[in-house]
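Shown below: coords_25.txt, with compact mmCIF, C-alpha atoms.
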# COMPACT_ATOMS: atom_id res chain seq x y z
CA MET A 19 0.00 0.00 0.00
CA GLY A 20 2.80 2.42 0.87
CA THR A 21 3.87 3.00 -2.72
CA MET A 22 0.42 3.97 -3.93
CA THR A 23 -0.70 7.56 -4.11
CA ASP A 24 -3.52 8.79 -1.97
CA LEU A 25 -5.62 9.35 -5.07
CA LEU A 26 -8.38 7.18 -6.49
CA TYR A 27 -10.06 7.62 -9.86
CA VAL A 28 -13.65 6.40 -9.84
CA ASN A 29 -15.65 5.83 -12.98
CA GLY A 30 -19.20 6.05 -11.66
CA GLY A 31 -22.66 5.18 -12.90
CA THR A 32 -22.42 1.39 -12.62
CA PRO A 33 -24.57 -0.48 -10.10
CA LEU A 34 -22.49 -2.15 -7.38
CA SER A 35 -23.27 -5.84 -7.27
CA GLY A 36 -21.78 -8.85 -5.50
CA GLU A 37 -20.79 -10.03 -2.03
CA ILE A 38 -18.49 -8.58 0.63
CA THR A 39 -17.79 -9.55 4.25
CA VAL A 40 -17.99 -7.26 7.26
CA ARG A 41 -16.08 -8.30 10.38
CA GLY A 42 -15.99 -7.01 13.97
CA ALA A 43 -17.19 -3.51 14.84
CA LYS A 44 -14.45 -0.89 14.85
CA ASN A 45 -16.19 0.80 17.80
CA PHE A 46 -16.14 -2.36 19.87
CA VAL A 47 -12.94 -4.21 19.05
CA SER A 48 -10.56 -1.55 20.38
CA LYS A 49 -12.47 -1.38 23.71
CA ALA A 50 -12.43 -5.16 24.12
CA MET A 51 -8.66 -5.06 23.56
CA VAL A 52 -8.33 -2.50 26.38
CA ALA A 53 -10.50 -4.72 28.61
CA ALA A 54 -7.91 -7.50 28.23
CA LEU A 55 -5.62 -5.30 30.34
CA LEU A 56 -7.95 -5.88 33.32
CA GLY A 57 -7.57 -9.66 33.21
CA GLU A 58 -4.99 -11.65 35.13
CA GLY A 59 -4.85 -14.30 32.43
CA PRO A 60 -4.73 -14.17 28.61
CA SER A 61 -7.71 -13.28 26.41
CA VAL A 62 -8.77 -14.30 22.91
CA LEU A 63 -10.74 -11.96 20.65
CA ARG A 64 -12.13 -13.24 17.34
CA ASN A 65 -13.62 -11.64 14.22
CA VAL A 66 -11.14 -8.73 14.44
CA PRO A 67 -10.75 -6.61 11.28
CA GLN A 68 -7.35 -5.44 10.05
CA ILE A 69 -7.79 -1.72 10.57
CA ARG A 70 -5.70 1.17 11.84
CA ASP A 71 -7.45 1.29 15.26
CA VAL A 72 -6.44 -2.28 16.00
CA ALA A 73 -2.81 -1.49 15.13
CA VAL A 74 -2.86 1.61 17.37
CA VAL A 75 -4.29 -0.26 20.37
CA THR A 76 -1.93 -3.17 19.78
CA GLY A 77 0.98 -0.71 19.98
CA LEU A 78 -0.38 0.88 23.17
CA LEU A 79 -0.92 -2.53 24.80
CA GLU A 80 2.59 -3.68 23.87
CA LEU A 81 4.03 -0.52 25.45
CA HIS A 82 2.46 -1.75 28.68
CA GLY A 83 3.88 -5.23 28.48
CA VAL A 84 0.86 -6.98 26.97
CA THR A 85 1.87 -9.60 24.41
CA VAL A 86 -0.38 -9.39 21.35
CA THR A 87 -0.34 -11.99 18.59
CA ALA A 88 -2.64 -11.86 15.59
CA ASP A 89 -3.71 -14.78 13.45
CA ASP A 90 -6.20 -14.07 10.64
CA GLY A 91 -8.76 -12.13 12.61
CA THR A 92 -8.01 -13.73 15.99
CA LEU A 93 -6.06 -11.80 18.62
CA HIS A 94 -4.32 -13.41 21.58
CA LEU A 95 -3.71 -10.88 24.35
CA ASP A 96 -1.54 -11.82 27.33
CA PRO A 97 -1.33 -9.18 30.07
CA SER A 98 0.77 -11.15 32.54
CA ASN A 99 3.79 -8.82 32.17
CA VAL A 100 2.14 -5.45 32.60
CA GLU A 101 4.78 -3.20 34.15
CA SER A 102 5.31 0.18 32.58
CA ALA A 103 2.64 2.72 33.49
CA HIS A 104 3.44 5.15 30.73
CA VAL A 105 1.10 5.45 27.79
CA ALA A 106 3.96 6.96 25.86
CA ASP A 107 4.72 7.35 22.15
CA ILE A 108 1.17 7.89 21.03
CA ASP A 109 1.89 8.77 17.44
CA ALA A 110 -0.12 11.28 15.45
CA HIS A 111 -2.39 8.56 14.16
CA ALA A 112 -3.78 7.74 17.57
CA ARG A 113 -5.32 11.19 17.63
CA SER A 114 -8.32 9.96 15.67
CA SER A 115 -9.26 7.98 18.75
CA ARG A 116 -9.84 8.65 22.41
CA ILE A 117 -8.51 5.20 23.16
CA PRO A 118 -5.51 6.26 25.32
CA ILE A 119 -7.89 7.80 27.89
CA LEU A 120 -9.67 4.43 28.21
CA PHE A 121 -6.42 2.84 29.39
CA CYS A 122 -6.56 4.85 32.63
CA GLY A 123 -9.05 2.79 34.67
CA PRO A 124 -7.39 -0.56 33.89
CA LEU A 125 -3.89 0.86 34.53
CA LEU A 126 -4.94 2.41 37.85
CA HIS A 127 -6.21 -1.02 38.93
CA ARG A 128 -3.13 -2.87 37.70
CA LEU A 129 -0.40 -0.38 38.61
CA GLY A 130 -1.86 2.41 40.70
CA GLU A 131 -0.91 5.03 38.13
CA ALA A 132 -1.15 6.06 34.48
CA PHE A 133 0.33 8.75 32.26
CA ILE A 134 -1.30 10.29 29.22
CA PRO A 135 0.87 12.48 27.03
CA ASP A 136 -0.71 15.62 25.59
CA LEU A 137 -3.01 14.55 22.84
CA GLY A 138 -2.40 17.80 20.96
CA GLY A 139 -5.21 18.51 18.54
CA CYS A 140 -7.10 15.39 19.43
CA ARG A 141 -10.44 16.78 20.32
CA ILE A 142 -12.84 15.81 17.57
CA GLY A 143 -15.47 18.55 17.56
CA ASP A 144 -16.31 18.89 21.20
CA ARG A 145 -15.41 15.68 22.99
CA PRO A 146 -13.15 16.93 25.75
CA ILE A 147 -10.80 14.71 27.67
CA ASN A 148 -11.74 16.64 30.84
CA TYR A 149 -15.03 14.83 31.08
CA HIS A 150 -13.20 11.51 31.34
CA LEU A 151 -10.83 12.93 33.94
CA ASP A 152 -13.77 14.11 36.07
CA ILE A 153 -15.18 10.58 36.02
CA LEU A 154 -11.83 9.14 37.17
CA ARG A 155 -11.70 11.74 39.98
CA GLN A 156 -15.13 10.61 41.16
CA PHE A 157 -13.72 7.12 41.63
CA GLY A 158 -10.96 8.60 43.79
CA ALA A 159 -8.16 9.06 41.27
CA VAL A 160 -5.80 12.02 41.68
CA VAL A 161 -5.17 13.88 38.43
CA ASP A 162 -2.09 16.09 37.95
CA LYS A 163 -1.70 18.10 34.77
CA ARG A 164 2.03 18.20 34.12
CA GLU A 165 4.44 19.34 31.47
CA GLY A 166 3.91 17.00 28.52
CA GLY A 167 0.80 15.30 29.77
CA ILE A 168 -1.50 14.16 32.53
CA HIS A 169 -0.40 11.97 35.42
CA ILE A 170 -3.13 9.99 37.17
CA ARG A 171 -2.69 7.94 40.32
CA ALA A 172 -4.82 5.96 42.74
CA PRO A 173 -3.40 6.43 46.26
CA ARG A 174 -5.74 3.62 47.35
CA ARG A 175 -8.21 1.32 45.63
CA LEU A 176 -10.74 3.16 43.48
CA GLN A 177 -14.19 3.43 45.05
CA GLY A 178 -17.57 2.80 43.42
CA THR A 179 -19.63 5.92 42.80
CA LYS A 180 -22.95 7.28 41.51
CA ILE A 181 -22.79 9.12 38.21
CA ALA A 182 -25.55 10.58 36.05
CA LEU A 183 -24.51 11.43 32.49
CA PRO A 184 -25.94 14.65 31.02
CA TYR A 185 -26.16 12.82 27.66
CA PRO A 186 -25.88 9.07 27.01
CA SER A 187 -22.32 9.30 25.73
CA VAL A 188 -20.74 6.08 24.43
CA GLY A 189 -17.18 7.08 25.38
CA ALA A 190 -18.12 8.08 28.92
CA THR A 191 -20.10 4.85 29.43
CA GLU A 192 -17.13 2.77 28.23
CA GLN A 193 -14.76 4.67 30.52
CA LEU A 194 -17.08 4.02 33.44
CA LEU A 195 -17.45 0.32 32.76
CA LEU A 196 -13.70 -0.21 32.39
CA THR A 197 -13.08 1.64 35.67
CA ALA A 198 -16.01 0.41 37.80
CA VAL A 199 -15.62 -3.35 37.31
CA ARG A 200 -12.65 -3.53 39.69
CA ALA A 201 -13.50 -0.57 41.94
CA GLU A 202 -14.56 -1.29 45.50
CA GLY A 203 -18.32 -1.42 46.08
CA LEU A 204 -21.24 -0.41 43.92
CA THR A 205 -21.22 1.95 40.94
CA GLU A 206 -24.46 3.26 39.50
CA LEU A 207 -24.54 4.98 36.12
CA SER A 208 -27.74 6.69 35.00
CA ASN A 209 -28.52 7.92 31.49
CA ALA A 210 -25.97 5.43 30.18
CA ALA A 211 -25.41 4.65 26.51
CA ILE A 212 -26.83 1.22 25.62
CA GLU A 213 -25.44 0.84 22.09
CA PRO A 214 -24.92 -2.77 20.91
CA GLU A 215 -21.15 -2.19 21.06
CA ILE A 216 -21.52 -1.26 24.75
CA MET A 217 -23.66 -4.32 25.43
CA ASP A 218 -20.99 -6.47 23.80
CA LEU A 219 -18.32 -4.86 25.98
CA ILE A 220 -20.50 -5.75 28.98
CA ASN A 221 -20.62 -9.34 27.65
CA VAL A 222 -16.83 -9.38 27.58
CA LEU A 223 -16.50 -7.96 31.10
CA GLN A 224 -19.07 -10.42 32.44
CA LYS A 225 -17.08 -13.29 30.91
CA MET A 226 -14.05 -11.94 32.79
CA GLY A 227 -15.92 -12.14 36.10
CA ALA A 228 -17.59 -8.72 36.37
CA ILE A 229 -21.08 -8.25 37.84
CA ILE A 230 -23.05 -5.78 35.72
CA SER A 231 -26.79 -5.25 35.33
CA VAL A 232 -28.50 -3.07 32.73
CA ASP A 233 -32.00 -1.71 33.29
CA THR A 234 -34.42 -0.66 30.58
CA ASP A 235 -34.30 2.91 31.89
CA ARG A 236 -30.59 3.31 30.96
CA VAL A 237 -29.29 2.59 34.45
CA ILE A 238 -26.20 0.37 34.62
CA ARG A 239 -25.19 -1.06 38.01
CA ILE A 240 -21.76 -2.54 38.57
CA GLU A 241 -20.68 -4.46 41.67
CA GLY A 242 -16.92 -4.23 41.85
CA VAL A 243 -14.90 -7.46 42.10
CA ASP A 244 -11.36 -8.09 43.33
CA ARG A 245 -9.99 -9.80 40.28
CA LEU A 246 -10.85 -10.54 36.67
CA ASN A 247 -9.78 -13.36 34.35
CA GLY A 248 -9.17 -13.37 30.62
CA PHE A 249 -12.01 -13.83 28.12
CA GLN A 250 -12.76 -15.61 24.87
CA HIS A 251 -15.12 -13.67 22.65
CA THR A 252 -16.26 -13.19 19.06
CA ALA A 253 -16.83 -9.51 18.25
CA LEU A 254 -20.23 -8.36 17.03
CA SER A 255 -20.18 -7.21 13.42
CA ASP A 256 -19.76 -3.64 12.23
CA ARG A 257 -23.22 -2.17 11.67
CA ILE A 258 -21.77 1.14 10.42
CA GLU A 259 -19.86 -0.51 7.59
CA ALA A 260 -22.81 -2.78 6.78
CA ALA A 261 -25.16 0.21 6.45
CA SER A 262 -22.62 2.07 4.31
CA TRP A 263 -22.54 -0.76 1.75
CA ALA A 264 -26.35 -0.94 1.94
CA SER A 265 -26.54 2.77 1.09
CA ALA A 266 -24.05 2.23 -1.73
CA ALA A 267 -26.34 -0.46 -3.18
CA LEU A 268 -29.28 1.95 -2.99
CA ALA A 269 -27.46 4.98 -4.44
CA THR A 270 -26.03 3.06 -7.40
CA GLY A 271 -29.11 0.93 -8.11
CA GLY A 272 -27.17 -2.16 -7.11
CA ASP A 273 -27.44 -5.41 -5.17
CA ILE A 274 -24.97 -6.20 -2.37
CA TYR A 275 -24.86 -9.19 -0.06
CA VAL A 276 -23.18 -8.13 3.20
CA ARG A 277 -21.90 -11.31 4.82
CA GLY A 278 -21.64 -10.85 8.60
CA ALA A 279 -24.33 -8.15 8.83
CA THR A 280 -26.83 -8.86 11.62
CA GLN A 281 -30.45 -7.79 11.98
CA PRO A 282 -30.89 -7.04 15.73
CA GLU A 283 -28.30 -4.22 15.74
CA MET A 284 -29.68 -2.74 12.52
CA THR A 285 -33.43 -2.64 13.16
CA ALA A 286 -33.74 1.14 12.90
CA PHE A 287 -31.63 1.26 9.74
CA LEU A 288 -33.57 -1.55 8.08
CA ASN A 289 -36.90 0.17 8.75
CA THR A 290 -35.63 3.39 7.20
CA PHE A 291 -34.02 1.56 4.26
CA ARG A 292 -37.40 0.00 3.48
CA LYS A 293 -39.27 3.31 3.83
CA VAL A 294 -36.91 4.91 1.29
CA GLY A 295 -37.74 2.13 -1.17
CA GLY A 296 -34.78 -0.18 -0.69
CA GLU A 297 -35.29 -3.90 -0.19
CA PHE A 298 -33.42 -6.41 1.92
CA THR A 299 -33.52 -10.09 2.82
CA VAL A 300 -31.96 -11.49 5.97
CA ASP A 301 -30.48 -14.98 6.31
CA ASP A 302 -28.28 -16.68 8.90
CA ASP A 303 -25.04 -15.44 7.34
CA GLY A 304 -25.81 -11.87 6.38
CA ILE A 305 -28.16 -9.39 4.74
CA ARG A 306 -28.75 -8.76 1.05
CA PHE A 307 -29.44 -5.09 0.27
CA PHE A 308 -30.78 -4.13 -3.14
CA HIS A 309 -32.55 -1.46 -5.16
CA PRO A 310 -35.75 -3.15 -6.42
CA GLY A 311 -36.30 -0.60 -9.21
CA GLY A 312 -38.87 2.18 -9.30
CA ASP A 313 -38.60 5.52 -7.51
CA LEU A 314 -36.92 5.96 -4.16
CA ARG A 315 -39.12 7.83 -1.69
CA SER A 316 -38.22 10.91 0.35
CA ILE A 317 -38.34 10.58 4.14
CA VAL A 318 -38.15 12.52 7.38
CA LEU A 319 -35.36 11.19 9.57
CA GLU A 320 -33.94 12.00 12.98
CA THR A 321 -30.68 10.54 14.27
CA ASP A 322 -30.57 9.46 17.89
CA VAL A 323 -28.71 7.31 20.38
CA HIS A 324 -29.52 3.59 20.30
CA PRO A 325 -32.13 2.21 19.71
CA GLY A 326 -32.69 5.17 17.38
CA PHE A 327 -31.22 5.80 13.94
CA MET A 328 -27.44 5.95 14.34
CA THR A 329 -25.61 9.16 13.45
CA ASP A 330 -22.99 7.19 11.45
CA TRP A 331 -25.73 5.79 9.20
CA GLN A 332 -26.91 9.26 8.26
CA GLN A 333 -24.07 10.31 5.97
CA PRO A 334 -24.09 7.39 3.50
CA LEU A 335 -27.89 7.37 3.43
CA VAL A 336 -28.02 11.08 2.54
CA VAL A 337 -26.20 10.21 -0.70
CA ALA A 338 -29.00 7.77 -1.56
CA LEU A 339 -31.62 10.39 -0.59
CA THR A 340 -30.32 12.69 -3.36
CA GLN A 341 -31.87 10.06 -5.68
CA ALA A 342 -35.24 9.96 -3.87
CA LYS A 343 -38.32 11.72 -5.18
CA GLY A 344 -39.39 14.77 -3.16
CA LEU A 345 -38.06 16.57 -0.09
CA SER A 346 -36.21 14.60 2.58
CA ILE A 347 -35.47 16.12 5.98
CA VAL A 348 -32.66 14.90 8.22
CA HIS A 349 -32.31 16.20 11.79
CA GLU A 350 -28.95 15.34 13.38
CA THR A 351 -29.20 15.23 17.19
CA VAL A 352 -26.05 13.30 18.14
CA TYR A 353 -23.13 15.27 16.64
CA GLU A 354 -23.19 19.00 16.20
CA ASN A 355 -21.32 19.22 12.89
CA ARG A 356 -22.17 16.23 10.75
CA PHE A 357 -23.26 17.96 7.52
CA GLY A 358 -19.95 19.38 6.29
CA PHE A 359 -19.76 16.45 3.87
CA THR A 360 -22.79 17.79 1.95
CA ASP A 361 -20.65 20.56 0.37
CA ALA A 362 -19.03 18.01 -1.94
CA LEU A 363 -22.45 16.54 -2.82
CA ARG A 364 -23.72 20.00 -3.79
CA GLY A 365 -20.66 20.36 -6.00
CA MET A 366 -21.77 17.19 -7.79
CA GLY A 367 -25.27 18.52 -8.45
CA ALA A 368 -27.21 17.55 -5.33
CA THR A 369 -29.77 20.00 -3.94
CA ILE A 370 -29.14 20.10 -0.21
CA GLN A 371 -29.73 22.95 2.22
CA VAL A 372 -28.51 22.93 5.81
CA TYR A 373 -30.25 24.77 8.63
CA LYS A 374 -29.55 25.77 12.22
CA GLU A 375 -33.14 24.99 13.23
CA CYS A 376 -34.38 21.63 14.51
CA LEU A 377 -36.33 20.31 11.53
CA GLY A 378 -38.43 17.19 11.23
CA GLY A 379 -38.58 16.16 14.85
CA TRP A 380 -38.25 17.21 18.46
CA PRO A 381 -36.16 20.21 19.47
CA CYS A 382 -32.69 18.98 20.46
CA ARG A 383 -29.70 20.27 22.42
CA PHE A 384 -28.13 21.85 19.30
CA GLY A 385 -31.16 23.95 18.41
CA GLN A 386 -30.17 26.96 20.51
CA ARG A 387 -26.48 26.77 19.71
CA ASN A 388 -26.00 27.93 16.13
CA PHE A 389 -25.00 24.56 14.66
CA TYR A 390 -26.05 23.62 11.14
CA HIS A 391 -27.60 20.34 12.21
CA SER A 392 -30.64 19.88 9.94
CA ALA A 393 -30.57 19.17 6.21
CA VAL A 394 -33.21 19.31 3.50
CA ILE A 395 -32.46 17.19 0.43
CA SER A 396 -34.48 17.68 -2.75
CA GLY A 397 -34.43 14.96 -5.37
CA PRO A 398 -33.92 13.15 -7.51
CA THR A 399 -30.89 15.01 -8.92
CA PRO A 400 -28.36 13.38 -11.24
CA LEU A 401 -24.86 13.46 -9.75
CA ALA A 402 -21.91 14.51 -11.91
CA ALA A 403 -18.27 13.49 -11.40
CA ALA A 404 -16.06 15.87 -9.42
CA ASP A 405 -12.71 16.20 -7.68
CA ILE A 406 -13.32 15.18 -4.08
CA GLU A 407 -11.23 15.57 -0.95
CA VAL A 408 -11.95 13.02 1.81
CA PRO A 409 -12.59 14.86 5.11
CA ASP A 410 -12.77 11.91 7.53
CA LEU A 411 -13.55 8.21 7.67
CA ARG A 412 -17.38 8.24 7.67
CA GLY A 413 -17.79 11.30 5.45
CA GLY A 414 -15.20 9.81 3.13
CA PHE A 415 -17.14 6.61 2.51
CA SER A 416 -20.17 8.78 1.71
CA HIS A 417 -18.20 10.82 -0.83
CA LEU A 418 -17.01 7.62 -2.41
CA ILE A 419 -20.60 6.36 -2.71
CA ALA A 420 -21.47 9.64 -4.46
CA ALA A 421 -18.55 9.17 -6.87
CA LEU A 422 -19.69 5.59 -7.59
CA ALA A 423 -23.23 6.84 -8.31
CA ALA A 424 -22.14 9.83 -10.43
CA LYS A 425 -21.76 9.89 -14.21
CA GLY A 426 -18.17 10.34 -15.32
CA THR A 427 -14.78 9.99 -13.65
CA SER A 428 -14.21 11.51 -10.21
CA SER A 429 -10.89 11.84 -8.46
CA VAL A 430 -11.00 11.09 -4.75
CA ARG A 431 -8.04 12.38 -2.74
CA GLY A 432 -7.30 11.17 0.81
CA ILE A 433 -8.41 7.61 0.14
CA SER A 434 -5.97 6.15 2.70
CA LEU A 435 -8.23 7.51 5.47
CA ILE A 436 -11.01 5.17 4.28
CA ASP A 437 -8.55 2.39 3.58
CA ARG A 438 -7.34 2.46 7.19
CA GLY A 439 -10.80 2.46 8.73
CA TYR A 440 -12.44 -0.31 6.70
CA GLU A 441 -10.85 -3.70 6.20
CA HIS A 442 -9.71 -4.66 2.66
CA PHE A 443 -11.59 -1.68 1.28
CA MET A 444 -10.15 -1.70 -2.26
CA ASP A 445 -10.66 -5.46 -2.55
CA LYS A 446 -14.31 -5.00 -1.61
CA LEU A 447 -14.82 -2.28 -4.23
CA GLY A 448 -13.29 -4.62 -6.79
CA ALA A 449 -15.49 -7.52 -5.72
CA LEU A 450 -18.58 -5.36 -6.28
CA GLY A 451 -17.56 -4.45 -9.82
CA ALA A 452 -16.64 -0.83 -9.13
CA ASP A 453 -14.66 0.76 -11.97
CA PHE A 454 -11.68 2.51 -10.36
CA SER A 455 -7.94 2.94 -10.63
CA ARG A 456 -5.05 4.24 -8.53
CA ASP A 457 -2.00 6.00 -9.88
Can you dump the structure from the file as structure tokens?
Amino acid sequence: MGTMTDLLYVNGGTPLSGEITVRGAKNFVSKAMVAALLGEGPSVLRNVPQIRDVAVVTGLLELHGVTVTADDGTLHLDPSNVESAHVADIDAHARSSRIPILFCGPLLHRLGEAFIPDLGGCRIGDRPINYHLDILRQFGAVVDKREGGIHIRAPRRLQGTKIALPYPSVGATEQLLLTAVRAEGLTELSNAAIEPEIMDLINVLQKMGAIISVDTDRVIRIEGVDRLNGFQHTALSDRIEAASWASAALATGGDIYVRGATQPEMTAFLNTFRKVGGEFTVDDDGIRFFHPGGDLRSIVLETDVHPGFMTDWQQPLVVALTQAKGLSIVHETVYENRFGFTDALRGMGATIQVYKECLGGWPCRFGQRNFYHSAVISGPTPLAAADIEVPDLRGGFSHLIAALAAKGTSSVRGISLIDRGYEHFMDKLGALGADFSRD
């Protein structure tokens, strides 16, 4: 890969058709790898994709004395030699993740201290590290901001605590779980995130010996235990990647079988996919997504935390909505700035307007804060080829779908971003009959 340029030429207008495989969820696998640090014995994690995140976490674990061996999608993680407490050498690539901060709870339990070097420009939008530090303080950790980073120590065993989240944040819930399982006493988390990836992390922790209950009203209760063992676990599949290929099938008028895709985690997406005019069939091994012909229908859609319509599904679907008949409205309530990617679509001929108001649903927390967080898409509009710059992983896949749907040859710059976040990405494009070339 290293010799290739970061440029992809896409000859669009052909329906994508064929079969691809989606493996473990990017948003779960890295957290399960961190959980292995809590165990006294080795862990085995299966269905792991070869993506940048996994390489980053592997590097961070190895810095702490965890032995990591990979064998075709199976990771063996042995934490029996965890000594060094310094999360050092986080290279620039780790900045796309908040993973280093998740190491703190496990390291405080194992070693009594942790160090996080300055993460520089690592705040994506508005996801401050401070929030995580406040949570650690509530468990009894002492946080010192020093030259070059943050030093965290636990003068004595961390203590269970009661925490209510202002918003059901996935990152904060993960941080809490990874810290509370070995804290002394009871921890109660209200307004917790209950995403499938979180539930799977709870599965992993329970296998290790943790005691965790989840109530239907978003309250998670954790009874701390003295020690945890290793785990053996097969990761749940990546519902973001699955939905992206589904949207690609819809936008290009194609037919894609996504091996590994699972229905329970995708209920909200599947309902919406059907309302737009897409069709799908589910079997034991995956889901077939296809455009059945006829007009796609416009919809009103609101993103939300699970079990609602996931924010990461919104971007690829918006590309398909440019081909739907009528006015579609999308109200983004999870991330404040998720419509920047529509600029490129407008450049290709889409009719999309973004608004600061809450459209199409309930007023949300962004409504009073001057964020462009609602979009109105008018269709169908033919898309024309363009020169596209990939902004980020999820937006990038959406741009690529637009290029695949557009007439003519587009150049897509920054393709390595997508390549690093989705396993065997170029191979999958090839398997679906996409017409593309790299310099």
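Picture a line from atom CA of A:Leu81 to atom CA of A:Gln193; it runs 20.1 Å.
Picture a line from atom CA of A:Leu125 to atom CA of A:Leu56; it runs 8.0 Å.
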Please work out which residues fall within 7 Å of (-1.3, 11.0, -8.5), coordinates as given in the file, with all atoms listed in the file counting, and return them as a short mmCIF file (atom, residue, chain, number, x, y, z; two decimals) with C-alpha atoms, keeping the file's coordinate frame.
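Written out: point-v4.cif:
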data_model
loop_
_atom_site.label_atom_id
_atom_site.label_comp_id
_atom_site.auth_asym_id
_atom_site.auth_seq_id
_atom_site.Cartn_x
_atom_site.Cartn_y
_atom_site.Cartn_z
CA THR A 23 -0.70 7.56 -4.11
CA LEU A 25 -5.62 9.35 -5.07
CA ASP A 457 -2.00 6.00 -9.88
#
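The spacing separating atom CA of A:Arg174 from atom CA of A:Leu207 amounts to 21.9 Å.
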Residues within 8 Å of A:Glu202, please, as a short mmCIF file (atom, residue, chain, number, x, y, z; two decimals) with C-alpha atoms, in the frame of the given file. Count all atoms listed in the file; anything in the same chain fewer than 6 positions from it doesn't count.
data_model
loop_
_atom_site.label_atom_id
_atom_site.label_comp_id
_atom_site.auth_asym_id
_atom_site.auth_seq_id
_atom_site.Cartn_x
_atom_site.Cartn_y
_atom_site.Cartn_z
CA ARG A 175 -8.21 1.32 45.63
CA LEU A 176 -10.74 3.16 43.48
CA GLN A 177 -14.19 3.43 45.05
CA GLY A 178 -17.57 2.80 43.42
CA GLU A 241 -20.68 -4.46 41.67
CA GLY A 242 -16.92 -4.23 41.85
CA VAL A 243 -14.90 -7.46 42.10
CA ASP A 244 -11.36 -8.09 43.33
#
Which residue of A:Thr360, A:Asn289, A:Gln341, A:Thr39 approaches A:Gly271 most closely, using all atoms listed in the file: A:Gln341
Nearest to A:Arg315: which of A:Ile258, A:Val237, A:Ile395, A:Leu377 is it, counting all atoms listed in the file? A:Ile395
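In this comparison, which uses all atoms listed in the file, the residue of A:Phe133, A:Trp331, A:Tyr27, A:Phe291 approaching A:Phe307 most closely is A:Phe291.
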Find the residue from A:Gly414, A:Pro135, A:Pro398, A:Pro124 that sits nearest to A:Leu314; use only C-alpha atoms when measuring. A:Pro398
Give me the residues near A:Ser434 as a VMD selection string, where near means some atom within 10 Å (using all atoms listed in the file) and where sequence neighbours in that chain fewer than 2 positions away do not count. chain A and resid 19 to 20 22 to 26 408 411 414 431 to 432 436 to 440 443
Compare A:Leu126, A:Ala43, A:Leu418, A:Ile433 by their minimum atom-to-atom distance to A:Ala452, counting all atoms listed in the file, and give me the closest one. A:Leu418
Spatial neighbours of A:Asp89, max dist 12 Å, all atoms listed in the file, sep filter under 6 positions, as a list of chain:residue names: A:Val62, A:Leu63, A:Arg64, A:Asn65, A:Val66, A:Pro67, A:Gln68, A:Leu95
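With all atoms listed in the file taken into account, every residue lying no more than 10 Å from the file point (-0.6, -2.9, 24.4) is included here: Met51, Val52, Ala54, Leu55, Ala73, Val74, Val75, Thr76, Gly77, Leu78, Leu79, Glu80, Leu81, His82, Gly83, Val84, Thr85, Val86, Leu95, Asp96, Pro97, Val100, Val105 and Phe121 of chain A.
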Selection above as a file: C-alpha atoms, as a compact mmCIF listing (two decimals), keeping the file's coordinate frame:
# COMPACT_ATOMS: atom_id res chain seq x y z
CA MET A 51 -8.66 -5.06 23.56
CA VAL A 52 -8.33 -2.50 26.38
CA ALA A 54 -7.91 -7.50 28.23
CA LEU A 55 -5.62 -5.30 30.34
CA ALA A 73 -2.81 -1.49 15.13
CA VAL A 74 -2.86 1.61 17.37
CA VAL A 75 -4.29 -0.26 20.37
CA THR A 76 -1.93 -3.17 19.78
CA GLY A 77 0.98 -0.71 19.98
CA LEU A 78 -0.38 0.88 23.17
CA LEU A 79 -0.92 -2.53 24.80
CA GLU A 80 2.59 -3.68 23.87
CA LEU A 81 4.03 -0.52 25.45
CA HIS A 82 2.46 -1.75 28.68
CA GLY A 83 3.88 -5.23 28.48
CA VAL A 84 0.86 -6.98 26.97
CA THR A 85 1.87 -9.60 24.41
CA VAL A 86 -0.38 -9.39 21.35
CA LEU A 95 -3.71 -10.88 24.35
CA ASP A 96 -1.54 -11.82 27.33
CA PRO A 97 -1.33 -9.18 30.07
CA VAL A 100 2.14 -5.45 32.60
CA VAL A 105 1.10 5.45 27.79
CA PHE A 121 -6.42 2.84 29.39
Return as JSON lines the residues of stretch 270-350 of chain A lying at most 10 Å from stretch 385-394 of chain A, together with the closest atom-to-atom pair for each and the distance in Å to one decimal, counting all atoms listed in the file, with rows in chain order and ascending residue number.
{"residue": "A:Val318", "atom": "CA", "partner": "A:Val394", "partner_atom": "CA", "distance": 9.2}
{"residue": "A:Leu319", "atom": "CA", "partner": "A:Ala393", "partner_atom": "CA", "distance": 9.9}
{"residue": "A:Glu320", "atom": "CA", "partner": "A:Ser392", "partner_atom": "CA", "distance": 9.1}
{"residue": "A:Val336", "atom": "CA", "partner": "A:Ala393", "partner_atom": "CA", "distance": 9.2}
{"residue": "A:Leu339", "atom": "CA", "partner": "A:Val394", "partner_atom": "CA", "distance": 9.9}
{"residue": "A:Thr340", "atom": "CA", "partner": "A:Val394", "partner_atom": "CA", "distance": 10.0}
{"residue": "A:Leu345", "atom": "CA", "partner": "A:Val394", "partner_atom": "CA", "distance": 6.6}
{"residue": "A:Ser346", "atom": "CA", "partner": "A:Val394", "partner_atom": "CA", "distance": 5.7}
{"residue": "A:Ile347", "atom": "CA", "partner": "A:Val394", "partner_atom": "CA", "distance": 4.6}
{"residue": "A:Val348", "atom": "CA", "partner": "A:Ala393", "partner_atom": "CA", "distance": 5.2}
{"residue": "A:His349", "atom": "CA", "partner": "A:Ser392", "partner_atom": "CA", "distance": 4.4}
{"residue": "A:Glu350", "atom": "CA", "partner": "A:His391", "partner_atom": "CA", "distance": 5.3}
